[in-house]
Amino acid sequence: MKSMDVAMVRGWEAHFNQFIEGISGCFGRCDLRRRASAYIRGLLGPVQRKNSWQLAEYLGNASPHGLQRLLGRARWDADDVRDALMH
């Protein structure tokens with residue numbers, strides 16, 4: 001197994017940023033794009049229980065309201081995100 005180094009970790013960050021760029025058009029506002037990026041980082045992070053309170057805490061948010069707004073009330077289409085990822 002290849003040992004991890006700084007270049008490898010930077011490569012992960014670059015791939016994550018490309019991933020986010022690929023779906024950013026699915027979110028009509030920049031605050032939603034930032035929130036979606038943070039949400040995905042939280043899902044990929046070491047949070048044991050992936051609920052809104054634990055994710056918000058991991059992301060440094062005082063409450064889960066922003067994540068809940070993204071998932072429940074914000075205007076974006078999960079099918080559009082899926083389609084963007086398929087291309």
# chains A, B, ... in the order shown; residues from 1 in each chain; ligands from 1
>>> residues_around(residues="Ala84 (chain A)", least_positions_apart="3", cutoff="12 Å", atoms="only C-alpha atoms", output="ChimeraX atom specification")
/A:18-27,77-81,87
>>> residues_around(residues="region 42-48 of chain A", least_positions_apart="5", cutoff="10 Å", atoms="only C-alpha atoms", output="list of chain:residue names")
A:Ala36, A:Ser37, A:Gln54, A:Leu55, A:Ala56, A:Glu57, A:Tyr58, A:Leu59
>>> write_last_selection(atoms="C-alpha atoms", output="tab-separated table (two decimals), in the first residue's frame")
chain	number	residue	atom	x	y	z
A	36	ALA	CA	-24.01	21.73	-0.59
A	37	SER	CA	-20.21	21.56	-0.68
A	54	GLN	CA	-23.71	16.02	14.11
A	55	LEU	CA	-22.86	17.24	10.60
A	56	ALA	CA	-23.49	20.85	11.61
A	57	GLU	CA	-21.25	20.45	14.64
A	58	TYR	CA	-18.49	18.85	12.55
A	59	LEU	CA	-18.74	21.70	10.03
